[in-house]
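Notes follow once the structure below has been shown.
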Amino acid sequence: MRTFFLALTVLTASASHVLAQSAEAGERVYTQCRACHQVGETARNLVGPQLNGIFGRKSGTIEGYNYSQANKNANITWDEATFRDYIVDPRGKVPGTKMVFAGLKNPQQVTDLIAYLKQFDATGKRGQ
Ligand code: HEC
């Protein structure tokens, strides 16, 4: 019985460790976006729109940001699948976008980046 509980504790501990690590690694991946995008409670639109609460939101809907016609017409709801498709090749997914970014080809980095961005709700508050 003791061994069982011990094993359970180790399992739980390592599972939460993996999750934390992923968002943490995602923060490093995000440095590639930071020249143009902001997240967090003080986030503003820069070269690109701020990315708070991106998952579940429709493309081209951040108020006060001047999107390209291509992005406005893209009609994408950002979820993990559409975000993956886009970020690996932005101009492939949204031809004519003004986001000048070659794409993130490493799937693990994309997974980590998603974990990082998902922490921010639409107001930029960092929940879980
Ligand atoms: C060189 C500047 C630049 C970099 C680097 C960049 N972006 Fe962008 N991004 C833009 C611009 C500009 C737009 C607006 C595109 C348009 O209107 O066509 C945009 C749009 C987006 C959108 C669509 C937002 C919406 O509201 O529809 C997402 C999502 C996004 N970027 C994510 C990222 C992520 C994640 C990274 C890092 C891996 C990144 N971008 C790197 C400039 C950049």
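For the structure tokens, the naming scheme is as follows: chains receive sequential letters (A, B, ...) according to their order of presentation, residues are indexed from 1 within each chain, and ligands are indexed from 1 in presentation order.
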Enumerate residues in contact with ligand 1: an atom-to-atom distance of at most 6 Å, counting only C-alpha atoms and all ligand atoms. Format the result as a PyMOL selection string. chain A and resi 30+32-33+35-36+47-48+59-62+67-68+70-71+97-101
Surrounding residues of stretch 75-84 of chain A excluding itself and chain neighbours under 4 positions, 8 Å, only C-alpha atoms, as a CSV table (one decimal) with N, CA, C and O atoms, in the first residue's frame:
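Heads up, here's the output in result-v3.csv:
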```
chain,number,residue,atom,x,y,z
A,54,ILE,N,-6.1,34.8,-27.2
A,54,ILE,CA,-6.1,34.5,-28.6
A,54,ILE,C,-7.0,33.2,-28.9
A,54,ILE,O,-7.7,33.2,-29.9
A,55,PHE,N,-6.9,32.2,-28.0
A,55,PHE,CA,-7.6,31.0,-28.3
A,55,PHE,C,-9.1,31.1,-28.0
A,55,PHE,O,-9.5,31.5,-26.9
A,56,GLY,N,-9.9,30.8,-29.0
A,56,GLY,CA,-11.4,31.0,-29.0
A,56,GLY,C,-11.8,32.3,-29.6
A,56,GLY,O,-13.0,32.5,-29.8
A,57,ARG,N,-10.9,33.1,-30.0
A,57,ARG,CA,-11.2,34.4,-30.6
A,57,ARG,C,-11.1,34.3,-32.1
A,57,ARG,O,-10.4,33.5,-32.7
A,58,LYS,N,-11.9,35.1,-32.8
A,58,LYS,CA,-11.9,35.1,-34.3
A,58,LYS,C,-10.7,36.0,-34.8
A,58,LYS,O,-10.4,37.0,-34.2
A,59,SER,N,-10.2,35.6,-35.9
A,59,SER,CA,-9.1,36.4,-36.5
A,59,SER,C,-9.5,37.8,-36.8
A,59,SER,O,-10.7,38.0,-37.2
A,60,GLY,N,-8.6,38.7,-36.7
A,60,GLY,CA,-8.9,40.0,-37.2
A,60,GLY,C,-9.8,40.8,-36.3
A,60,GLY,O,-10.5,41.8,-36.8
A,71,ASN,N,-6.0,39.3,-43.6
A,71,ASN,CA,-6.3,38.8,-42.3
A,71,ASN,C,-7.8,39.0,-41.9
A,71,ASN,O,-8.4,38.2,-41.3
A,88,VAL,N,3.1,27.7,-38.4
A,88,VAL,CA,4.1,27.0,-39.1
A,88,VAL,C,4.4,27.6,-40.5
A,88,VAL,O,5.5,27.6,-41.0
A,110,VAL,N,5.9,24.8,-30.9
A,110,VAL,CA,4.6,25.3,-31.1
A,110,VAL,C,3.7,24.8,-29.9
A,110,VAL,O,2.9,25.6,-29.3
A,114,ILE,N,1.8,27.4,-27.3
A,114,ILE,CA,0.4,27.4,-27.1
A,114,ILE,C,0.1,27.4,-25.6
A,114,ILE,O,-0.7,28.1,-25.1
```
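Proximity ranking of A:Ala25, A:Ile87, A:Asn52, A:Arg126 relative to A:Gln38 places A:Asn52 first, based on only C-alpha atoms.
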What separates atom CA of A:Leu46 and atom CA of A:Pro90 is a distance of 17.9 Å
Could you pull out the residues in chain A that DSSP calls strand (DSSP E or B) from the backbone, as a list in words?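 Assigned to strand (DSSP E or B), within chain A: Lys58, Thr77, Phe120 and Arg126 of chain A.
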DSSP-assigned alpha helix (DSSP H) among stretch 51-113 of chain A, expressed as a PyMOL selection string: chain A and resi 69-72+80-88+90-93+107-113
Any idea what's packed within 12 Å of A:Arg28, counting only C-alpha atoms, ignoring anything in its chain fewer than 6 positions away? Could you give it as a tab-separated table (two decimals) with all heavy atoms, in the first residue's frame?
```
chain	number	residue	atom	x	y	z
A	21	GLN	N	6.68	23.11	-17.26
A	21	GLN	CA	7.87	23.22	-18.11
A	21	GLN	C	7.48	23.67	-19.51
A	21	GLN	O	8.18	24.43	-20.14
A	21	GLN	CB	8.51	21.84	-18.18
A	21	GLN	CG	9.99	21.89	-18.44
A	21	GLN	CD	10.58	20.50	-18.39
A	21	GLN	OE1	9.89	19.52	-18.72
A	21	GLN	NE2	11.80	20.40	-17.98
A	22	SER	N	6.35	23.18	-19.96
A	22	SER	CA	5.94	23.49	-21.31
A	22	SER	C	5.61	24.98	-21.48
A	22	SER	O	6.06	25.60	-22.44
A	22	SER	CB	4.76	22.57	-21.64
A	22	SER	OG	3.99	23.10	-22.65
A	34	ARG	N	7.98	38.64	-29.82
A	34	ARG	CA	7.90	39.82	-28.98
A	34	ARG	C	8.28	41.12	-29.67
A	34	ARG	O	7.92	42.20	-29.22
A	34	ARG	CB	8.78	39.62	-27.74
A	34	ARG	CG	8.13	40.17	-26.52
A	34	ARG	CD	8.68	39.63	-25.23
A	34	ARG	NE	10.12	39.56	-25.20
A	34	ARG	CZ	10.80	38.90	-24.26
A	34	ARG	NH1	10.16	38.27	-23.31
A	34	ARG	NH2	12.10	38.87	-24.28
A	109	GLN	N	8.03	23.16	-30.04
A	109	GLN	CA	8.06	24.60	-29.73
A	109	GLN	C	6.67	25.21	-29.88
A	109	GLN	O	6.28	26.07	-29.10
A	109	GLN	CB	9.05	25.32	-30.65
A	109	GLN	CG	10.49	25.04	-30.27
A	109	GLN	CD	11.46	25.95	-31.01
A	109	GLN	OE1	11.12	26.56	-32.03
A	109	GLN	NE2	12.68	26.04	-30.51
A	110	VAL	N	5.92	24.75	-30.87
A	110	VAL	CA	4.57	25.27	-31.07
A	110	VAL	C	3.69	24.84	-29.88
A	110	VAL	O	2.94	25.64	-29.34
A	110	VAL	CB	3.96	24.80	-32.41
A	110	VAL	CG1	2.53	25.32	-32.56
A	110	VAL	CG2	4.81	25.27	-33.58
A	112	ASP	N	4.64	24.21	-26.83
A	112	ASP	CA	5.04	25.00	-25.68
A	112	ASP	C	4.51	26.43	-25.78
A	112	ASP	O	4.02	27.00	-24.80
A	112	ASP	CB	6.57	25.04	-25.55
A	112	ASP	CG	7.14	23.66	-25.21
A	112	ASP	OD1	6.38	22.80	-24.74
A	112	ASP	OD2	8.35	23.46	-25.42
A	113	LEU	N	4.59	26.98	-26.98
A	113	LEU	CA	4.10	28.35	-27.21
A	113	LEU	C	2.60	28.43	-26.93
A	113	LEU	O	2.13	29.40	-26.31
A	113	LEU	CB	4.40	28.75	-28.66
A	113	LEU	CG	3.96	30.14	-29.11
A	113	LEU	CD1	4.66	31.22	-28.29
A	113	LEU	CD2	4.26	30.34	-30.60
A	114	ILE	N	1.84	27.42	-27.34
A	114	ILE	CA	0.40	27.39	-27.08
A	114	ILE	C	0.15	27.38	-25.57
A	114	ILE	O	-0.69	28.13	-25.06
A	114	ILE	CB	-0.26	26.16	-27.76
A	114	ILE	CG1	-0.26	26.36	-29.28
A	114	ILE	CG2	-1.69	25.94	-27.25
A	114	ILE	CD1	-0.69	25.14	-30.08
A	115	ALA	N	0.90	26.56	-24.84
A	115	ALA	CA	0.74	26.48	-23.38
A	115	ALA	C	1.02	27.85	-22.76
A	115	ALA	O	0.33	28.29	-21.83
A	115	ALA	CB	1.68	25.43	-22.80
A	116	TYR	N	2.01	28.54	-23.27
A	116	TYR	CA	2.34	29.87	-22.75
A	116	TYR	C	1.22	30.87	-23.04
A	116	TYR	O	0.72	31.55	-22.14
A	116	TYR	CB	3.67	30.36	-23.35
A	116	TYR	CG	3.99	31.78	-22.98
A	116	TYR	CD1	4.33	32.11	-21.67
A	116	TYR	CD2	3.94	32.80	-23.92
A	116	TYR	CE1	4.62	33.42	-21.31
A	116	TYR	CE2	4.23	34.10	-23.57
A	116	TYR	CZ	4.56	34.42	-22.26
A	116	TYR	OH	4.83	35.71	-21.92
A	117	LEU	N	0.79	30.95	-24.28
A	117	LEU	CA	-0.22	31.94	-24.68
A	117	LEU	C	-1.57	31.68	-24.01
A	117	LEU	O	-2.30	32.63	-23.70
A	117	LEU	CB	-0.38	31.95	-26.21
A	117	LEU	CG	0.78	32.56	-27.00
A	117	LEU	CD1	0.54	32.39	-28.49
A	117	LEU	CD2	0.99	34.03	-26.66
```
What is the distance, in Å and to one decimal place, between atom CA of A:Lys72 and atom CA of A:Leu51?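 Going from atom CA of A:Lys72 over to atom CA of A:Leu51, I get 15.7 Å.
The spacing separating atom CA of A:Gly124 from atom CA of A:Pro49 amounts to 13.0 Å.
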